[in-house]
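Undergrad: Okay, handing you the structure first.
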Amino acid sequence: MNKTLKMIGIGVVSLFTASCASHYQVGSISRSRIVVDSRYDRQPDPQAVAFLAPFKHQVDSVMGPVVGTVAHDMAPARPESDLSNLMADILMWAAKDYGEQPVFSVYNVGGIRAALSKGKVTYGDVLDIAPFENKICFLTLSGDKFLELARQIASRGGEGMCRGTEMVISKDLKLVSFKLNGEEIDLTKSYRIATIDYLAQGNDQLTAFKLGTNVNSPKEEKNNTRFIIMNYFREQQAKGLVVDAKVEGRVRIED
């Protein structure tokens, strides 16, 4: 018997068993993202609309305020994507508010839980992108541990990394080369890094972070990534700027 469980927007898990009496074993796991946007509102269900009507105003008042604008559709992806680049750059942008001067930042692709559609960005859109309680975090890695981190990022097929990163990964997900601002990593130096506390704890297989020193990990709610992202968008909006990001060769898989 072959049973398949489908999860919309998450993926497909196939379970195989020889008989109903046997226990299940995972045969395969696949995943995909589905952008849920205004296209799904073209033919609303009248009963659903009526049911939600009493709550719509209150929800819209919280989730609807516009915090900025993006130049084009953006979605997270490996080895590099416009949205994952943007998230890493926002961590670098925010560092000044903490008296920090990191030379590198990393934001995990798996932590970016939604895409952005071209045009206005609302509070709710940012909440969709960063729904967790992850907070910004800073730490220092020695050169050898920084290179170890780069190998771990390569083994995952890439993550969101800041401008100035040049990483080349082999087809079997081994690190081929890694430069920062055009320079090889100096094993005798130390590197200040901006990330999120979830990764700083060694999660998502980035265990080199656990060897970080001089950790600055603020715990107040205002340090949640969602608020930092919103602050970035609001600053750009106040300047009359449309937020743009693009794939620019920060990470690539070797041909």
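Convention: chains lettered A, B, ... in structure tokens order; per-chain residue numbering from 1; ligands numbered from 1 as shown.
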Give me every strand (DSSP E or B) residue in range 108-236 of chain A, going by DSSP on the backbone, as a VMD selection string.

TA: chain A and resid 116 119 to 122 135 to 142 160 to 161 165 to 169 175 to 180 183 to 184 190 to 196 213 to 216 224

Undergrad: Store the residues picked out above in a file with C-alpha atoms, as a PDB file, in the first residue's frame.

TA:
ATOM      1  CA  LEU A 116       7.036  39.764  -1.365  1.00  0.00           C
ATOM      2  CA  GLY A 119       4.391  47.241  -4.844  1.00  0.00           C
ATOM      3  CA  LYS A 120       3.346  48.201  -1.348  1.00  0.00           C
ATOM      4  CA  VAL A 121       4.626  46.223   1.640  1.00  0.00           C
ATOM      5  CA  THR A 122       2.401  46.089   4.716  1.00  0.00           C
ATOM      6  CA  LYS A 135      16.189  38.429  17.277  1.00  0.00           C
ATOM      7  CA  ILE A 136      19.283  40.059  15.884  1.00  0.00           C
ATOM      8  CA  CYS A 137      22.567  38.831  17.328  1.00  0.00           C
ATOM      9  CA  PHE A 138      26.266  39.687  16.995  1.00  0.00           C
ATOM     10  CA  LEU A 139      29.297  37.530  17.720  1.00  0.00           C
ATOM     11  CA  THR A 140      32.950  37.077  16.830  1.00  0.00           C
ATOM     12  CA  LEU A 141      34.485  34.061  15.077  1.00  0.00           C
ATOM     13  CA  SER A 142      38.172  33.368  14.636  1.00  0.00           C
ATOM     14  CA  GLY A 160      21.339  34.730   2.726  1.00  0.00           C
ATOM     15  CA  MET A 161      24.674  36.568   2.997  1.00  0.00           C
ATOM     16  CA  THR A 165      30.356  37.885  -0.160  1.00  0.00           C
ATOM     17  CA  GLU A 166      31.822  35.708  -2.917  1.00  0.00           C
ATOM     18  CA  MET A 167      31.122  32.021  -2.310  1.00  0.00           C
ATOM     19  CA  VAL A 168      31.520  29.223  -4.837  1.00  0.00           C
ATOM     20  CA  ILE A 169      30.023  25.817  -4.052  1.00  0.00           C
ATOM     21  CA  LEU A 175      33.058  24.837  -0.435  1.00  0.00           C
ATOM     22  CA  VAL A 176      35.248  25.687  -3.444  1.00  0.00           C
ATOM     23  CA  SER A 177      36.163  29.258  -2.533  1.00  0.00           C
ATOM     24  CA  PHE A 178      35.083  31.982  -0.149  1.00  0.00           C
ATOM     25  CA  LYS A 179      36.054  35.633  -0.215  1.00  0.00           C
ATOM     26  CA  LEU A 180      34.798  38.619   1.706  1.00  0.00           C
ATOM     27  CA  GLU A 183      39.891  38.925   0.170  1.00  0.00           C
ATOM     28  CA  GLU A 184      40.474  35.347   1.308  1.00  0.00           C
ATOM     29  CA  SER A 190      38.785  37.582  14.015  1.00  0.00           C
ATOM     30  CA  TYR A 191      35.532  38.476  12.251  1.00  0.00           C
ATOM     31  CA  ARG A 192      32.503  40.235  13.708  1.00  0.00           C
ATOM     32  CA  ILE A 193      29.273  38.734  12.361  1.00  0.00           C
ATOM     33  CA  ALA A 194      25.614  39.761  12.435  1.00  0.00           C
ATOM     34  CA  THR A 195      22.974  37.031  12.367  1.00  0.00           C
ATOM     35  CA  ILE A 196      19.873  35.949  14.273  1.00  0.00           C
ATOM     36  CA  THR A 213      32.742  34.868  21.427  1.00  0.00           C
ATOM     37  CA  ASN A 214      31.771  38.332  22.671  1.00  0.00           C
ATOM     38  CA  VAL A 215      28.129  37.586  21.948  1.00  0.00           C
ATOM     39  CA  ASN A 216      25.698  40.515  21.880  1.00  0.00           C
ATOM     40  CA  ASN A 224      12.760  40.805  16.778  1.00  0.00           C
TER      41      ASN A 224
END

Undergrad: Report as a ChimeraX atom specification all protein, DNA and RNA residues lying within 10 Å of Phe227 in chain A, evaluated on only C-alpha atoms, omitting residues in the same chain fewer than 2 positions from it.

TA: /A:123,126-127,130,135,221-225,229-233

Undergrad: Using the chain letters and numbers from this document, which residues of range 25-188 of chain A does DSSP assign to alpha helix (DSSP H), as a VMD selection string?

TA: chain A and resid 46 to 63 82 to 94 123 to 129 143 to 155

Undergrad: Taking 5 positions as the minimum chain separation for residues in the same chain, which residues sit within 10 Å of range 106-114 of chain A when counting only C-alpha atoms? Answer as a ChimeraX atom specification.

TA: /A:33-36,74-81,83-92,125-132,134,136,153,156,158-162,193-196,198-199,203-204,206

Undergrad: How would the residues just picked look written out with N, CA and C atoms as a compact mmCIF listing (two decimals), in the first residue's frame?

TA:
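See again15.txt below for the written result:
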# COMPACT_ATOMS: atom_id res chain seq x y z
N ARG A 33 7.06 26.28 -2.29
CA ARG A 33 6.41 27.45 -1.73
C ARG A 33 5.30 27.90 -2.68
N ILE A 34 4.19 28.32 -2.13
CA ILE A 34 3.10 28.87 -2.90
C ILE A 34 2.85 30.29 -2.42
N VAL A 35 2.97 31.24 -3.32
CA VAL A 35 2.72 32.63 -2.97
C VAL A 35 1.21 32.87 -2.94
N VAL A 36 0.69 33.23 -1.79
CA VAL A 36 -0.73 33.51 -1.63
C VAL A 36 -0.91 35.01 -1.69
N MET A 74 9.80 39.35 -4.99
CA MET A 74 10.99 38.77 -4.38
C MET A 74 10.61 37.50 -3.63
N ALA A 75 11.45 36.48 -3.74
CA ALA A 75 11.19 35.22 -3.06
C ALA A 75 12.51 34.61 -2.59
N PRO A 76 12.49 33.88 -1.48
CA PRO A 76 13.72 33.26 -0.99
C PRO A 76 14.05 32.00 -1.79
N ALA A 77 15.33 31.76 -2.00
CA ALA A 77 15.76 30.56 -2.72
C ALA A 77 17.25 30.37 -2.52
N ARG A 78 17.72 29.15 -2.73
CA ARG A 78 19.15 28.84 -2.73
C ARG A 78 19.60 28.62 -4.16
N PRO A 79 20.87 28.85 -4.49
CA PRO A 79 21.94 29.26 -3.58
C PRO A 79 21.90 30.75 -3.21
N GLU A 80 21.20 31.55 -4.02
CA GLU A 80 21.12 32.99 -3.75
C GLU A 80 19.79 33.50 -4.27
N SER A 81 19.24 34.48 -3.63
CA SER A 81 18.00 35.09 -4.09
C SER A 81 17.97 36.56 -3.69
N LEU A 83 15.55 38.16 -2.17
CA LEU A 83 15.00 38.37 -0.83
C LEU A 83 15.97 37.95 0.27
N SER A 84 16.67 36.84 0.08
CA SER A 84 17.63 36.42 1.11
C SER A 84 18.81 37.40 1.17
N ASN A 85 19.21 37.95 0.03
CA ASN A 85 20.24 39.00 0.03
C ASN A 85 19.77 40.21 0.84
N LEU A 86 18.53 40.61 0.60
CA LEU A 86 17.97 41.76 1.29
C LEU A 86 17.94 41.55 2.80
N MET A 87 17.52 40.37 3.25
CA MET A 87 17.45 40.11 4.68
C MET A 87 18.83 40.21 5.34
N ALA A 88 19.84 39.67 4.66
CA ALA A 88 21.20 39.75 5.21
C ALA A 88 21.69 41.19 5.24
N ASP A 89 21.38 41.95 4.21
CA ASP A 89 21.80 43.36 4.16
C ASP A 89 21.10 44.19 5.23
N ILE A 90 19.85 43.84 5.55
CA ILE A 90 19.13 44.56 6.60
C ILE A 90 19.80 44.36 7.96
N LEU A 91 20.32 43.16 8.21
CA LEU A 91 21.05 42.93 9.46
C LEU A 91 22.27 43.84 9.54
N MET A 92 22.98 43.99 8.42
CA MET A 92 24.14 44.89 8.41
C MET A 92 23.70 46.34 8.63
N ASP A 125 2.68 41.81 5.64
CA ASP A 125 3.64 41.17 4.74
C ASP A 125 4.94 40.85 5.47
N VAL A 126 5.40 41.81 6.27
CA VAL A 126 6.64 41.60 7.01
C VAL A 126 6.45 40.50 8.06
N LEU A 127 5.31 40.48 8.70
CA LEU A 127 5.02 39.45 9.69
C LEU A 127 5.01 38.06 9.03
N ASP A 128 4.52 37.99 7.80
CA ASP A 128 4.54 36.72 7.07
C ASP A 128 5.97 36.27 6.80
N ILE A 129 6.83 37.21 6.47
CA ILE A 129 8.23 36.89 6.18
C ILE A 129 8.95 36.40 7.43
N ALA A 130 8.73 37.08 8.55
CA ALA A 130 9.45 36.79 9.79
C ALA A 130 8.47 36.57 10.94
N PRO A 131 7.76 35.44 10.95
CA PRO A 131 6.73 35.22 11.96
C PRO A 131 7.26 34.74 13.31
N PHE A 132 8.53 34.38 13.36
CA PHE A 132 9.08 33.81 14.58
C PHE A 132 9.60 34.89 15.52
N ASN A 134 12.66 35.30 16.40
CA ASN A 134 14.10 35.45 16.21
C ASN A 134 14.52 36.91 16.38
N ILE A 136 17.96 39.80 16.43
CA ILE A 136 19.28 40.06 15.88
C ILE A 136 20.34 39.69 16.92
N ILE A 153 27.71 26.49 5.54
CA ILE A 153 26.75 27.18 4.68
C ILE A 153 26.74 26.54 3.29
N ARG A 156 24.74 23.41 2.89
CA ARG A 156 23.29 23.62 2.85
C ARG A 156 22.85 24.22 1.51
N GLY A 158 23.88 27.14 0.37
CA GLY A 158 23.84 28.60 0.44
C GLY A 158 22.81 29.12 1.41
N GLU A 159 23.05 30.30 1.94
CA GLU A 159 22.11 31.02 2.80
C GLU A 159 22.15 32.50 2.39
N GLY A 160 21.30 33.30 3.00
CA GLY A 160 21.34 34.73 2.73
C GLY A 160 22.58 35.35 3.34
N MET A 161 23.43 35.97 2.52
CA MET A 161 24.67 36.57 3.00
C MET A 161 24.82 37.98 2.44
N CYS A 162 25.55 38.79 3.16
CA CYS A 162 25.61 40.22 2.87
C CYS A 162 26.39 40.54 1.61
N ILE A 193 30.35 39.23 13.23
CA ILE A 193 29.27 38.73 12.36
C ILE A 193 27.91 39.10 12.95
N ALA A 194 27.01 39.52 12.06
CA ALA A 194 25.61 39.76 12.43
C ALA A 194 24.78 38.60 11.93
N THR A 195 23.86 38.12 12.76
CA THR A 195 22.97 37.03 12.37
C THR A 195 21.72 37.11 13.23
N ILE A 196 21.01 36.02 13.36
CA ILE A 196 19.87 35.95 14.27
C ILE A 196 20.19 34.95 15.37
N TYR A 198 18.71 32.46 16.58
CA TYR A 198 18.44 31.07 16.24
C TYR A 198 19.67 30.41 15.61
N LEU A 199 20.32 31.11 14.71
CA LEU A 199 21.52 30.57 14.08
C LEU A 199 22.72 30.63 15.03
N ASN A 203 21.84 26.34 15.29
CA ASN A 203 20.77 25.64 14.57
C ASN A 203 20.98 25.66 13.06
N ASP A 204 20.15 24.93 12.35
CA ASP A 204 20.23 24.78 10.89
C ASP A 204 21.61 24.29 10.46
N LEU A 206 24.48 25.00 11.38
CA LEU A 206 25.57 25.97 11.39
C LEU A 206 26.22 25.97 12.78

Undergrad: So the first atom is CA of Arg163 in chain A and the second is CA of Glu133 in chain A; what is the distance between them in Å, to one decimal place?

TA: 25.1 Å

Undergrad: Figure out the distance between CA of Gly157 in chain A and CA of Ser30 in chain A, please, to one decimal in Å.

TA: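 Between CA of Ser30 in chain A and CA of Gly157 in chain A the gap is 15.8 Å.
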
Undergrad: Between A:Ala50, A:Ala115, A:Gly240, A:Glu254, which one has atoms that come closest to Lys171 in chain A, using only C-alpha atoms?

TA: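 Of the candidates, the smallest distance to Lys171 in chain A is held by A:Glu254.
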
Undergrad: May I ask for the distance between CA of Asp197 in chain A and CA of Phe209 in chain A, given in Å to one decimal place?

TA: 9.9 Å

Undergrad: Contacts of Glu235 in chain A at 10 Å or less, counting only C-alpha atoms, minus same-chain residues fewer than 6 places along, as number ranges by chain?

TA: A: 67-68, 241
